[in-house]
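Engineer: Sending over coords_1.cif (mmCIF, C-alpha atoms).
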data_work
loop_
_atom_site.group_PDB
_atom_site.id
_atom_site.type_symbol
_atom_site.label_atom_id
_atom_site.label_comp_id
_atom_site.auth_asym_id
_atom_site.auth_seq_id
_atom_site.Cartn_x
_atom_site.Cartn_y
_atom_site.Cartn_z
ATOM 1 C CA MET A 911 114.012 73.567 46.190
ATOM 2 C CA LEU A 912 112.667 74.729 49.533
ATOM 3 C CA VAL A 913 114.617 77.410 51.436
ATOM 4 C CA VAL A 914 114.631 77.399 55.254
ATOM 5 C CA THR A 915 116.291 80.333 57.028
ATOM 6 C CA GLY A 916 117.326 79.816 60.641
ATOM 7 C CA ALA A 917 117.896 76.243 59.495
ATOM 8 C CA ALA A 918 120.254 75.253 62.320
ATOM 9 C CA GLY A 919 117.960 76.669 65.003
ATOM 10 C CA PHE A 920 115.177 75.060 67.003
ATOM 11 C CA ILE A 921 112.098 75.490 64.785
ATOM 12 C CA GLY A 922 114.035 75.637 61.505
ATOM 13 C CA SER A 923 115.758 72.280 62.062
ATOM 14 C CA CYS A 924 112.476 70.656 63.142
ATOM 15 C CA LEU A 925 110.798 71.965 59.991
ATOM 16 C CA ILE A 926 113.546 70.408 57.862
ATOM 17 C CA GLN A 927 112.996 67.079 59.635
ATOM 18 C CA ARG A 928 109.251 67.246 58.964
ATOM 19 C CA LEU A 929 109.839 68.121 55.305
ATOM 20 C CA ASN A 930 112.305 65.212 54.998
ATOM 21 C CA GLU A 931 109.702 62.858 56.493
ATOM 22 C CA LEU A 932 107.305 64.015 53.756
ATOM 23 C CA ASN A 933 110.020 63.330 51.134
ATOM 24 C CA PHE A 934 111.028 66.926 50.480
ATOM 25 C CA ASN A 935 114.796 66.532 50.308
ATOM 26 C CA LEU A 936 115.931 69.444 48.119
ATOM 27 C CA ILE A 937 116.339 71.731 51.129
ATOM 28 C CA VAL A 938 118.518 74.844 51.098
ATOM 29 C CA ALA A 939 119.600 75.551 54.674
ATOM 30 C CA VAL A 940 120.365 79.225 55.399
ATOM 31 C CA ASP A 941 122.005 80.258 58.682
ATOM 32 C CA HIS A 942 125.298 81.074 60.355
ATOM 33 C CA PHE A 943 126.739 77.604 60.879
ATOM 34 C CA GLU A 944 129.573 78.348 63.330
ATOM 35 C CA ASN A 945 127.835 77.137 66.505
ATOM 36 C CA PRO A 946 128.810 73.452 67.017
ATOM 37 C CA GLU A 947 125.807 72.914 69.325
ATOM 38 C CA LYS A 948 123.421 74.015 66.581
ATOM 39 C CA LYS A 949 125.151 71.846 63.973
ATOM 40 C CA LYS A 950 123.881 68.783 65.847
ATOM 41 C CA ASN A 951 120.315 69.875 64.977
ATOM 42 C CA LEU A 952 121.058 69.150 61.296
ATOM 43 C CA GLU A 953 122.943 65.854 61.573
ATOM 44 C CA GLY A 954 121.360 63.109 59.473
ATOM 45 C CA LYS A 955 118.968 65.447 57.664
ATOM 46 C CA LYS A 956 118.701 65.560 53.883
ATOM 47 C CA ILE A 957 119.921 68.992 52.814
ATOM 48 C CA GLN A 958 120.896 69.939 49.267
ATOM 49 C CA GLU A 959 122.950 73.026 50.076
ATOM 50 C CA PHE A 960 124.161 75.117 53.013
ATOM 51 C CA VAL A 961 124.191 78.881 52.448
ATOM 52 C CA ASN A 962 125.611 81.405 54.895
ATOM 53 C CA ARG A 963 123.036 83.990 55.937
ATOM 54 C CA ASP A 964 125.252 86.847 54.699
ATOM 55 C CA ASN A 965 125.516 85.333 51.209
ATOM 56 C CA PHE A 966 121.879 84.323 50.790
ATOM 57 C CA PHE A 967 120.679 87.150 48.538
ATOM 58 C CA GLU A 968 123.627 86.692 46.209
ATOM 59 C CA TRP A 969 122.796 82.963 46.091
ATOM 60 C CA LEU A 970 119.101 83.701 45.460
ATOM 61 C CA ASP A 971 119.893 86.017 42.540
ATOM 62 C CA LYS A 972 121.545 83.067 40.801
ATOM 63 C CA ASN A 973 119.214 80.245 41.881
ATOM 64 C CA ASN A 974 115.740 81.778 42.242
ATOM 65 C CA LYS A 975 114.300 79.861 39.285
ATOM 66 C CA HIS A 976 114.696 76.617 41.249
ATOM 67 C CA VAL A 977 113.177 77.887 44.524
ATOM 68 C CA GLU A 978 109.587 76.854 45.130
ATOM 69 C CA PHE A 979 109.040 78.252 48.639
ATOM 70 C CA ILE A 980 110.858 80.273 51.309
ATOM 71 C CA PHE A 981 110.319 79.573 55.017
ATOM 72 C CA HIS A 982 111.859 82.552 56.792
ATOM 73 C CA ILE A 983 112.218 81.178 60.324
ATOM 74 C CA GLY A 984 115.568 82.781 61.171
ATOM 75 C CA ALA A 985 115.588 85.697 63.633
ATOM 76 C CA ARG A 986 117.340 87.091 66.658
ATOM 77 C CA THR A 987 115.017 85.813 69.390
ATOM 78 C CA ASP A 988 116.712 86.888 72.622
ATOM 79 C CA THR A 989 114.077 88.740 74.678
ATOM 80 C CA THR A 990 116.782 89.925 77.113
ATOM 81 C CA GLU A 991 118.754 91.703 74.361
ATOM 82 C CA PHE A 992 118.033 95.441 74.377
ATOM 83 C CA ASN A 993 120.223 96.630 71.488
ATOM 84 C CA LYS A 994 117.558 97.741 69.023
ATOM 85 C CA ALA A 995 120.068 97.961 66.153
ATOM 86 C CA ILE A 996 120.622 94.175 66.233
ATOM 87 C CA PHE A 997 116.885 93.531 65.881
ATOM 88 C CA ASP A 998 116.498 96.167 63.162
ATOM 89 C CA GLU A 999 119.220 94.504 61.115
ATOM 90 C CA LEU A 1000 118.270 90.838 61.555
ATOM 91 C CA ASN A 1001 114.518 90.884 62.176
ATOM 92 C CA VAL A 1002 113.330 93.889 60.168
ATOM 93 C CA ASP A 1003 115.792 94.804 57.393
ATOM 94 C CA TYR A 1004 116.678 91.200 56.509
ATOM 95 C CA SER A 1005 112.994 90.204 56.465
ATOM 96 C CA GLN A 1006 112.164 93.157 54.203
ATOM 97 C CA LYS A 1007 114.838 92.021 51.742
ATOM 98 C CA ILE A 1008 113.371 88.503 51.718
ATOM 99 C CA TRP A 1009 109.861 89.910 51.166
ATOM 100 C CA LYS A 1010 111.046 92.002 48.202
ATOM 101 C CA ALA A 1011 112.938 89.046 46.709
ATOM 102 C CA CYS A 1012 109.790 86.892 46.950
ATOM 103 C CA ILE A 1013 107.911 89.548 44.958
ATOM 104 C CA ASP A 1014 110.655 89.905 42.342
ATOM 105 C CA PHE A 1015 111.084 86.156 41.864
ATOM 106 C CA GLN A 1016 107.424 85.113 42.390
ATOM 107 C CA ILE A 1017 108.192 82.891 45.401
ATOM 108 C CA PRO A 1018 105.599 82.201 48.137
ATOM 109 C CA LEU A 1019 106.670 83.029 51.699
ATOM 110 C CA VAL A 1020 105.952 81.921 55.260
ATOM 111 C CA TYR A 1021 107.738 83.939 57.929
ATOM 112 C CA ALA A 1022 108.025 83.776 61.708
ATOM 113 C CA SER A 1023 106.300 86.501 63.679
ATOM 114 C CA SER A 1024 105.738 86.084 67.428
ATOM 115 C CA ALA A 1025 103.156 86.239 70.194
ATOM 116 C CA ALA A 1026 105.643 88.607 71.872
ATOM 117 C CA THR A 1027 103.944 91.232 69.689
ATOM 118 C CA TYR A 1028 100.898 91.078 71.991
ATOM 119 C CA GLY A 1029 102.757 92.515 74.981
ATOM 120 C CA ASN A 1030 100.604 92.423 78.109
ATOM 121 C CA GLY A 1031 97.615 91.313 76.070
ATOM 122 C CA GLU A 1032 95.592 94.468 76.681
ATOM 123 C CA PHE A 1033 94.195 94.102 73.145
ATOM 124 C CA GLY A 1034 93.611 90.359 73.527
ATOM 125 C CA TYR A 1035 95.236 87.577 71.515
ATOM 126 C CA ASP A 1036 93.204 87.780 68.313
ATOM 127 C CA ASP A 1037 95.149 87.772 65.043
ATOM 128 C CA ASN A 1038 93.040 90.637 63.735
ATOM 129 C CA GLU A 1039 95.211 92.605 61.342
ATOM 130 C CA GLN A 1040 93.346 95.854 62.112
ATOM 131 C CA THR A 1041 94.671 95.932 65.690
ATOM 132 C CA ILE A 1042 98.322 95.093 64.873
ATOM 133 C CA PRO A 1043 99.462 98.764 64.703
ATOM 134 C CA GLN A 1044 98.060 99.341 68.222
ATOM 135 C CA LEU A 1045 99.930 96.480 69.914
ATOM 136 C CA LYS A 1046 102.497 97.317 72.592
ATOM 137 C CA PRO A 1047 105.242 94.645 72.839
ATOM 138 C CA LEU A 1048 107.280 94.551 76.060
ATOM 139 C CA ASN A 1049 110.800 94.311 74.607
ATOM 140 C CA PRO A 1050 112.829 95.166 71.481
ATOM 141 C CA TYR A 1051 112.432 91.594 70.166
ATOM 142 C CA GLY A 1052 108.634 91.902 70.242
ATOM 143 C CA ASP A 1053 108.875 95.398 68.756
ATOM 144 C CA SER A 1054 110.956 94.135 65.840
ATOM 145 C CA LYS A 1055 108.454 91.388 65.030
ATOM 146 C CA ASN A 1056 105.536 93.814 65.237
ATOM 147 C CA ASP A 1057 107.401 96.415 63.170
ATOM 148 C CA PHE A 1058 107.803 93.913 60.363
ATOM 149 C CA ASP A 1059 104.150 92.784 60.555
ATOM 150 C CA ILE A 1060 103.024 96.432 60.299
ATOM 151 C CA TRP A 1061 105.400 97.050 57.388
ATOM 152 C CA ALA A 1062 104.210 93.906 55.538
ATOM 153 C CA LEU A 1063 100.544 94.845 55.865
ATOM 154 C CA LYS A 1064 101.219 98.342 54.515
ATOM 155 C CA GLN A 1065 102.942 97.168 51.344
ATOM 156 C CA ASP A 1066 101.205 97.732 48.014
ATOM 157 C CA LYS A 1067 103.260 94.929 46.509
ATOM 158 C CA LYS A 1068 103.147 91.565 48.234
ATOM 159 C CA PRO A 1069 104.278 88.022 47.363
ATOM 160 C CA PHE A 1070 101.471 86.162 45.574
ATOM 161 C CA PHE A 1071 101.115 84.082 48.761
ATOM 162 C CA TRP A 1072 102.510 85.030 52.148
ATOM 163 C CA ALA A 1073 101.754 84.201 55.776
ATOM 164 C CA GLY A 1074 103.205 85.552 59.012
ATOM 165 C CA LEU A 1075 102.898 83.175 61.973
ATOM 166 C CA LYS A 1076 102.683 84.479 65.532
ATOM 167 C CA PHE A 1077 104.386 81.638 67.396
ATOM 168 C CA PHE A 1078 103.275 81.318 71.024
ATOM 169 C CA ASN A 1079 105.368 79.339 73.583
ATOM 170 C CA VAL A 1080 106.932 76.713 71.331
ATOM 171 C CA TYR A 1081 108.657 73.743 72.985
ATOM 172 C CA GLY A 1082 110.110 70.468 71.812
ATOM 173 C CA PRO A 1083 113.241 68.711 70.512
ATOM 174 C CA ASN A 1084 116.295 70.515 69.081
ATOM 175 C CA GLU A 1085 116.354 73.378 71.589
ATOM 176 C CA TYR A 1086 119.415 72.096 73.492
ATOM 177 C CA HIS A 1087 121.497 75.077 72.288
ATOM 178 C CA LYS A 1088 119.101 77.851 73.364
ATOM 179 C CA GLY A 1089 120.305 78.440 76.930
ATOM 180 C CA ARG A 1090 118.135 80.888 78.859
ATOM 181 C CA MET A 1091 115.788 81.239 75.850
ATOM 182 C CA ALA A 1092 114.867 77.530 75.801
ATOM 183 C CA SER A 1093 111.330 76.507 76.766
ATOM 184 C CA VAL A 1094 110.192 76.184 80.368
ATOM 185 C CA ILE A 1095 109.777 72.436 79.818
ATOM 186 C CA PHE A 1096 113.439 72.109 78.826
ATOM 187 C CA HIS A 1097 114.500 74.037 81.950
ATOM 188 C CA ALA A 1098 112.109 72.047 84.144
ATOM 189 C CA TYR A 1099 113.569 68.769 82.892
ATOM 190 C CA ASN A 1100 117.138 69.890 83.571
ATOM 191 C CA GLN A 1101 116.328 71.322 86.979
ATOM 192 C CA ILE A 1102 114.510 68.161 88.062
ATOM 193 C CA LYS A 1103 117.304 65.961 86.690
ATOM 194 C CA ALA A 1104 119.951 67.952 88.589
ATOM 195 C CA THR A 1105 118.136 68.533 91.892
ATOM 196 C CA GLY A 1106 114.999 66.381 92.004
ATOM 197 C CA LYS A 1107 113.085 69.638 92.507
ATOM 198 C CA MET A 1108 111.411 72.385 90.478
ATOM 199 C CA LYS A 1109 111.209 76.081 91.347
ATOM 200 C CA LEU A 1110 108.468 78.180 89.771
ATOM 201 C CA PHE A 1111 107.922 81.929 89.918
ATOM 202 C CA ARG A 1112 105.623 83.098 92.679
ATOM 203 C CA SER A 1113 102.596 85.082 91.542
ATOM 204 C CA HIS A 1114 102.734 88.816 92.254
ATOM 205 C CA LYS A 1115 99.115 89.361 91.226
ATOM 206 C CA PRO A 1116 96.314 88.418 93.614
ATOM 207 C CA GLU A 1117 94.107 87.022 90.827
ATOM 208 C CA PHE A 1118 96.683 84.313 90.049
ATOM 209 C CA THR A 1119 97.790 81.596 92.474
ATOM 210 C CA ASP A 1120 101.500 80.655 92.695
ATOM 211 C CA GLY A 1121 102.219 78.575 89.599
ATOM 212 C CA GLY A 1122 98.793 79.516 88.250
ATOM 213 C CA GLN A 1123 100.268 81.854 85.644
ATOM 214 C CA MET A 1124 99.116 80.595 82.228
ATOM 215 C CA ARG A 1125 100.703 80.373 78.805
ATOM 216 C CA ASP A 1126 99.756 78.877 75.478
ATOM 217 C CA PHE A 1127 102.387 76.137 75.115
ATOM 218 C CA VAL A 1128 102.515 74.710 71.578
ATOM 219 C CA TYR A 1129 104.477 71.613 70.543
ATOM 220 C CA VAL A 1130 106.985 72.198 67.752
ATOM 221 C CA LYS A 1131 105.656 69.243 65.729
ATOM 222 C CA ASP A 1132 102.286 71.021 65.508
ATOM 223 C CA VAL A 1133 104.037 74.211 64.399
ATOM 224 C CA CYS A 1134 105.734 72.282 61.576
ATOM 225 C CA ASN A 1135 102.437 70.699 60.494
ATOM 226 C CA VAL A 1136 100.807 74.126 60.181
ATOM 227 C CA ILE A 1137 103.722 75.432 58.094
ATOM 228 C CA VAL A 1138 103.460 72.410 55.756
ATOM 229 C CA PHE A 1139 99.690 72.978 55.458
ATOM 230 C CA LEU A 1140 100.318 76.582 54.359
ATOM 231 C CA MET A 1141 102.941 75.446 51.843
ATOM 232 C CA HIS A 1142 100.251 73.400 50.099
ATOM 233 C CA HIS A 1143 97.351 75.826 50.749
ATOM 234 C CA ARG A 1144 98.880 78.963 49.137
ATOM 235 C CA LYS A 1145 95.839 81.189 49.480
ATOM 236 C CA ASN A 1146 94.313 83.390 52.220
ATOM 237 C CA SER A 1147 97.514 85.377 52.751
ATOM 238 C CA GLY A 1148 97.803 87.151 56.096
ATOM 239 C CA ILE A 1149 99.014 87.012 59.678
ATOM 240 C CA TYR A 1150 97.958 84.037 61.806
ATOM 241 C CA ASN A 1151 98.257 82.971 65.429
ATOM 242 C CA LEU A 1152 100.072 79.707 65.978
ATOM 243 C CA GLY A 1153 99.497 78.342 69.458
ATOM 244 C CA SER A 1154 97.641 75.333 70.819
ATOM 245 C CA GLY A 1155 94.612 77.548 71.479
ATOM 246 C CA LYS A 1156 94.529 76.432 75.128
ATOM 247 C CA ALA A 1157 96.287 78.257 77.986
ATOM 248 C CA ARG A 1158 97.764 75.986 80.660
ATOM 249 C CA THR A 1159 99.389 76.696 84.016
ATOM 250 C CA PHE A 1160 103.070 76.402 84.858
ATOM 251 C CA LEU A 1161 101.995 74.050 87.644
ATOM 252 C CA ASP A 1162 100.458 71.686 85.047
ATOM 253 C CA LEU A 1163 103.690 71.866 83.098
ATOM 254 C CA ALA A 1164 105.852 71.045 86.124
ATOM 255 C CA LYS A 1165 103.610 68.191 87.285
ATOM 256 C CA ASN A 1166 103.632 66.566 83.851
ATOM 257 C CA THR A 1167 107.401 66.860 83.581
ATOM 258 C CA PHE A 1168 107.869 65.134 86.956
ATOM 259 C CA LYS A 1169 105.392 62.439 85.921
ATOM 260 C CA ASN A 1170 107.160 61.612 82.646
ATOM 261 C CA MET A 1171 110.554 61.590 84.362
ATOM 262 C CA HIS A 1172 109.133 59.211 87.016
ATOM 263 C CA VAL A 1173 110.336 61.526 89.784
ATOM 264 C CA GLN A 1174 108.383 62.376 92.952
ATOM 265 C CA GLU A 1175 106.916 65.899 92.711
ATOM 266 C CA ASP A 1176 108.792 68.568 94.672
ATOM 267 C CA ILE A 1177 107.674 72.061 93.595
ATOM 268 C CA SER A 1178 108.508 75.318 95.402
ATOM 269 C CA PHE A 1179 108.160 79.009 94.541
ATOM 270 C CA ILE A 1180 110.608 81.902 94.239
ATOM 271 C CA ASP A 1181 110.017 85.588 93.613
ATOM 272 C CA THR A 1182 109.929 86.663 89.973
ATOM 273 C CA PRO A 1183 113.204 88.568 89.368
ATOM 274 C CA ILE A 1184 112.785 92.334 89.670
ATOM 275 C CA ASP A 1185 114.312 92.971 86.220
ATOM 276 C CA ILE A 1186 111.525 91.074 84.441
ATOM 277 C CA ARG A 1187 108.680 91.418 86.950
ATOM 278 C CA ASP A 1188 106.921 94.370 85.319
ATOM 279 C CA LYS A 1189 107.219 92.753 81.867
ATOM 280 C CA TYR A 1190 106.103 89.290 82.926
ATOM 281 C CA GLN A 1191 103.066 87.860 81.113
ATOM 282 C CA TYR A 1192 100.530 86.164 83.373
ATOM 283 C CA PHE A 1193 98.257 84.874 80.619
ATOM 284 C CA THR A 1194 98.548 84.146 76.891
ATOM 285 C CA GLU A 1195 96.154 82.139 74.746
ATOM 286 C CA ALA A 1196 96.019 82.060 70.956
ATOM 287 C CA ASN A 1197 92.651 82.522 69.320
ATOM 288 C CA MET A 1198 93.041 79.885 66.597
ATOM 289 C CA SER A 1199 89.746 80.440 64.764
ATOM 290 C CA LYS A 1200 91.372 82.294 61.842
ATOM 291 C CA LEU A 1201 93.688 79.397 60.904
ATOM 292 C CA LYS A 1202 90.894 76.865 61.368
ATOM 293 C CA GLY A 1203 88.652 79.111 59.262
ATOM 294 C CA ILE A 1204 90.876 78.594 56.198
ATOM 295 C CA GLY A 1205 90.699 74.812 56.541
ATOM 296 C CA TYR A 1206 93.332 73.665 59.046
ATOM 297 C CA LYS A 1207 91.809 70.603 60.701
ATOM 298 C CA ASP A 1208 94.619 68.744 62.522
ATOM 299 C CA GLU A 1209 94.353 68.473 66.297
ATOM 300 C CA PHE A 1210 97.113 70.014 68.393
ATOM 301 C CA HIS A 1211 98.976 68.032 71.050
ATOM 302 C CA THR A 1212 97.612 68.549 74.535
ATOM 303 C CA LEU A 1213 100.246 69.703 77.028
ATOM 304 C CA GLU A 1214 100.180 66.173 78.505
ATOM 305 C CA LYS A 1215 100.824 64.458 75.153
ATOM 306 C CA GLY A 1216 103.430 66.997 74.031
ATOM 307 C CA ILE A 1217 105.451 66.737 77.244
ATOM 308 C CA GLU A 1218 105.207 62.936 77.174
ATOM 309 C CA ASP A 1219 106.645 62.767 73.638
ATOM 310 C CA TYR A 1220 109.314 65.393 74.304
ATOM 311 C CA VAL A 1221 110.566 64.015 77.631
ATOM 312 C CA THR A 1222 110.317 60.308 76.777
ATOM 313 C CA ASN A 1223 111.590 60.287 73.202
ATOM 314 C CA TYR A 1224 114.046 63.204 73.154
ATOM 315 C CA LEU A 1225 115.150 64.633 76.516
ATOM 316 C CA ILE A 1226 115.729 61.388 78.436
ATOM 317 C CA PRO A 1227 117.679 59.688 75.604
ATOM 318 C CA GLY A 1228 119.285 63.029 74.548
ATOM 319 C CA LYS A 1229 118.017 62.661 70.990
ATOM 320 C CA TYR A 1230 117.247 65.165 68.222
ATOM 321 C CA TRP A 1231 114.299 65.181 65.858
#
I need this file expressed as structure tokens, please.
Structural biologist:
Amino acid sequence: MLVVTGAAGFIGSCLIQRLNELNFNLIVAVDHFENPEKKKNLEGKKIQEFVNRDNFFEWLDKNNKHVEFIFHIGARTDTTEFNKAIFDELNVDYSQKIWKACIDFQIPLVYASSAATYGNGEFGYDDNEQTIPQLKPLNPYGDSKNDFDIWALKQDKKPFFWAGLKFFNVYGPNEYHKGRMASVIFHAYNQIKATGKMKLFRSHKPEFTDGGQMRDFVYVKDVCNVIVFLMHHRKNSGIYNLGSGKARTFLDLAKNTFKNMHVQEDISFIDTPIDIRDKYQYFTEANMSKLKGIGYKDEFHTLEKGIEDYVTNYLIPGKYW
């Protein structure tokens, strides 16, 4: 049995699809399953059992002998939520309980960290574990992810294999339910479909042109391939970046979305909202040498190829992966 937390969410449901494609069908899906929009992410997937998030540890006490791996993808991911208590409960305390269970029951673990831990990037984007305690995230979500990374590294007892993955800007199918927190590509598609136009944030820094702000956009299928690699690899425990390794501009993103929708480009610029302006990242790029150094060899989708697959095969037909 393979356990996936956050199973009904964006990355969790895509991971289940990838595991199903590789003939792993004894999947235990852990989540809150009330949201009807998120339920669509799991339709047609091979899942052995659904376990409510609140009952998971009770379930694990009884079934741990059958569990071969835990993928802890579930988290509160809303970067506009400022109630620290919510993040402490779901992103720190819950993750600590999973960590301890993996030690007690000898289960390997992959968990979701985040590039939000890097804050403004003043310490760069290297997944060097020595610098993790110095990082300054820009919001409580980033703080919670960094707090858990720091806690994990300090532990004397660790699962026999564990990996924390700092997801950069993940995009792709099964994010229909995410609202404001969905990827820029998802919002671009919907804005272009509704208006024939795309508005990007104006740059408020002279060293960046309008639309020249850069992010490391990583396709969710690549994220799933890395997680599967680690499931088989089971050595070199630690915290790893997971991006494409190549920063691209928002302008490139918009242009490629127009192109794959076969709509004439019409891009304009608006001021970055005041409430997020001082916390807005102008550049992120994952240094991927650490993951490649332990033997990961697959190529990542370019932004062009990722957007083409996402828009053509999922967004236009309204399909799930």
Engineer: Just how far from CA of Phe1077 (chain A) is CA of Ser1024 (chain A), in Å to one decimal?
Structural biologist: 4.6 Å
Engineer: Any chance you could resolve the PyMOL selection byres ((chain A and resi 1204-1208) around 8) against this file and give the residues as a VMD selection string?
Structural biologist: chain A and resid 1136 1139 1146 1200 to 1203 1209 to 1210
Engineer: Tell me which residues the PyMOL selection byres ((chain A and resi 923-928) around 7) grabs here, as a short mmCIF file (atom, residue, chain, number, x, y, z; two decimals) with C-alpha atoms, keeping the file's coordinate frame.
Structural biologist:
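Dumped to result.cif:
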data_model
loop_
_atom_site.label_atom_id
_atom_site.label_comp_id
_atom_site.auth_asym_id
_atom_site.auth_seq_id
_atom_site.Cartn_x
_atom_site.Cartn_y
_atom_site.Cartn_z
CA ALA A 917 117.90 76.24 59.50
CA ALA A 918 120.25 75.25 62.32
CA GLY A 919 117.96 76.67 65.00
CA PHE A 920 115.18 75.06 67.00
CA ILE A 921 112.10 75.49 64.78
CA GLY A 922 114.04 75.64 61.50
CA LEU A 929 109.84 68.12 55.30
CA ASN A 930 112.30 65.21 55.00
CA GLU A 931 109.70 62.86 56.49
CA LEU A 932 107.30 64.02 53.76
CA ASN A 951 120.32 69.88 64.98
CA LEU A 952 121.06 69.15 61.30
CA LYS A 955 118.97 65.45 57.66
CA CYS A 1134 105.73 72.28 61.58
CA TRP A 1231 114.30 65.18 65.86
#
Engineer: Rounded to one decimal in Å, what is the spacing between CA of Lys1109 (chain A) and CA of Asp1176 (chain A)?
Structural biologist: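 If I compute the distance from CA of Lys1109 (chain A) to CA of Asp1176 (chain A), I get 8.6 Å.
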Engineer: Which residues come within 10 Å of region 1095-1103 of chain A, counting only C-alpha atoms, excluding same-chain residues fewer than 5 positions away, as a PyMOL selection string?
Structural biologist: chain A and resi 1080-1083+1085-1086+1088-1090+1108-1110+1127+1160+1163-1168+1170-1171+1173-1177+1217+1220-1221+1225-1226
Engineer: Could you jot down the CA of Asn1049 (chain A) to CA of Asn1030 (chain A) separation for me, Å, one decimal place?
Structural biologist: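 We find that CA of Asn1049 (chain A) and CA of Asn1030 (chain A) lie 10.9 Å from each other.
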Engineer: Nearest to Lys1229 (chain A): which of A:Asp998, A:Gln1006, A:Asp1057, A:Asn1084 is it, counting all atoms listed in the file?
Structural biologist: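 For Lys1229 (chain A), the nearest of the candidates is A:Asn1084.
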Engineer: From the list A:Asn1001, A:Ser1054, A:Asn974, A:Ser1154, which residue is nearest Phe1015 (chain A) when using only C-alpha atoms?
Structural biologist: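 Among A:Asn1001, A:Ser1054, A:Asn974, A:Ser1154, it is A:Asn974 that comes nearest to Phe1015 (chain A).
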Engineer: Using the chain letters and numbering of this document, enumerate as a list in words the residues selected by the PyMOL selection byres ((chain A and resi 1045) around 8).
Structural biologist: Thr1027, Tyr1028, Gly1029, Phe1033, Thr1041, Ile1042, Pro1043, Gln1044, Lys1046, Pro1047 and Asn1056 of chain A
Engineer: Using only C-alpha atoms, which residue out of A:Leu1075, A:Leu1048, A:Ile1149, A:Leu1213 lies closest to Ile1186 (chain A)?
Structural biologist: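 Looking at the shortest contact to Ile1186 (chain A), the residue is A:Leu1048.
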Engineer: Output region 1063-1067 of chain A as a PDB file, keeping the file's coordinate frame, making sure all heavy atoms are there.
Structural biologist:
ATOM      1  N   LEU A1063     101.948  94.544  56.140  1.00  0.00           N
ATOM      2  CA  LEU A1063     100.544  94.845  55.865  1.00  0.00           C
ATOM      3  C   LEU A1063     100.368  96.132  55.059  1.00  0.00           C
ATOM      4  O   LEU A1063      99.402  96.283  54.316  1.00  0.00           O
ATOM      5  CB  LEU A1063      99.759  94.955  57.186  1.00  0.00           C
ATOM      6  CG  LEU A1063      99.583  93.638  57.961  1.00  0.00           C
ATOM      7  CD1 LEU A1063      99.045  93.905  59.357  1.00  0.00           C
ATOM      8  CD2 LEU A1063      98.661  92.683  57.205  1.00  0.00           C
ATOM      9  N   LYS A1064     101.311  97.046  55.217  1.00  0.00           N
ATOM     10  CA  LYS A1064     101.219  98.342  54.515  1.00  0.00           C
ATOM     11  C   LYS A1064     101.651  98.276  53.053  1.00  0.00           C
ATOM     12  O   LYS A1064     101.422  99.209  52.288  1.00  0.00           O
ATOM     13  CB  LYS A1064     102.134  99.362  55.216  1.00  0.00           C
ATOM     14  CG  LYS A1064     101.507 100.069  56.394  1.00  0.00           C
ATOM     15  CD  LYS A1064     102.484 101.155  56.836  1.00  0.00           C
ATOM     16  CE  LYS A1064     102.013 101.807  58.129  1.00  0.00           C
ATOM     17  NZ  LYS A1064     103.128 102.563  58.748  1.00  0.00           N
ATOM     18  N   GLN A1065     102.341  97.212  52.676  1.00  0.00           N
ATOM     19  CA  GLN A1065     102.942  97.168  51.344  1.00  0.00           C
ATOM     20  C   GLN A1065     101.891  97.052  50.239  1.00  0.00           C
ATOM     21  O   GLN A1065     100.960  96.257  50.334  1.00  0.00           O
ATOM     22  CB  GLN A1065     103.926  95.992  51.233  1.00  0.00           C
ATOM     23  CG  GLN A1065     105.110  96.083  52.164  1.00  0.00           C
ATOM     24  CD  GLN A1065     105.789  97.434  52.112  1.00  0.00           C
ATOM     25  OE1 GLN A1065     106.322  97.837  51.085  1.00  0.00           O
ATOM     26  NE2 GLN A1065     105.748  98.163  53.224  1.00  0.00           N
ATOM     27  N   ASP A1066     102.076  97.858  49.193  1.00  0.00           N
ATOM     28  CA  ASP A1066     101.205  97.732  48.014  1.00  0.00           C
ATOM     29  C   ASP A1066     101.542  96.459  47.249  1.00  0.00           C
ATOM     30  O   ASP A1066     100.658  95.780  46.737  1.00  0.00           O
ATOM     31  CB  ASP A1066     101.376  98.947  47.088  1.00  0.00           C
ATOM     32  CG  ASP A1066     100.854 100.216  47.736  1.00  0.00           C
ATOM     33  OD1 ASP A1066      99.876 100.131  48.509  1.00  0.00           O
ATOM     34  OD2 ASP A1066     101.442 101.295  47.504  1.00  0.00           O
ATOM     35  N   LYS A1067     102.839  96.153  47.197  1.00  0.00           N
ATOM     36  CA  LYS A1067     103.260  94.929  46.509  1.00  0.00           C
ATOM     37  C   LYS A1067     103.548  93.848  47.540  1.00  0.00           C
ATOM     38  O   LYS A1067     104.274  94.084  48.496  1.00  0.00           O
ATOM     39  CB  LYS A1067     104.525  95.196  45.684  1.00  0.00           C
ATOM     40  CG  LYS A1067     104.293  96.031  44.448  1.00  0.00           C
ATOM     41  CD  LYS A1067     105.568  96.096  43.631  1.00  0.00           C
ATOM     42  CE  LYS A1067     105.323  96.836  42.317  1.00  0.00           C
ATOM     43  NZ  LYS A1067     106.587  96.984  41.563  1.00  0.00           N
TER      44      LYS A1067
END
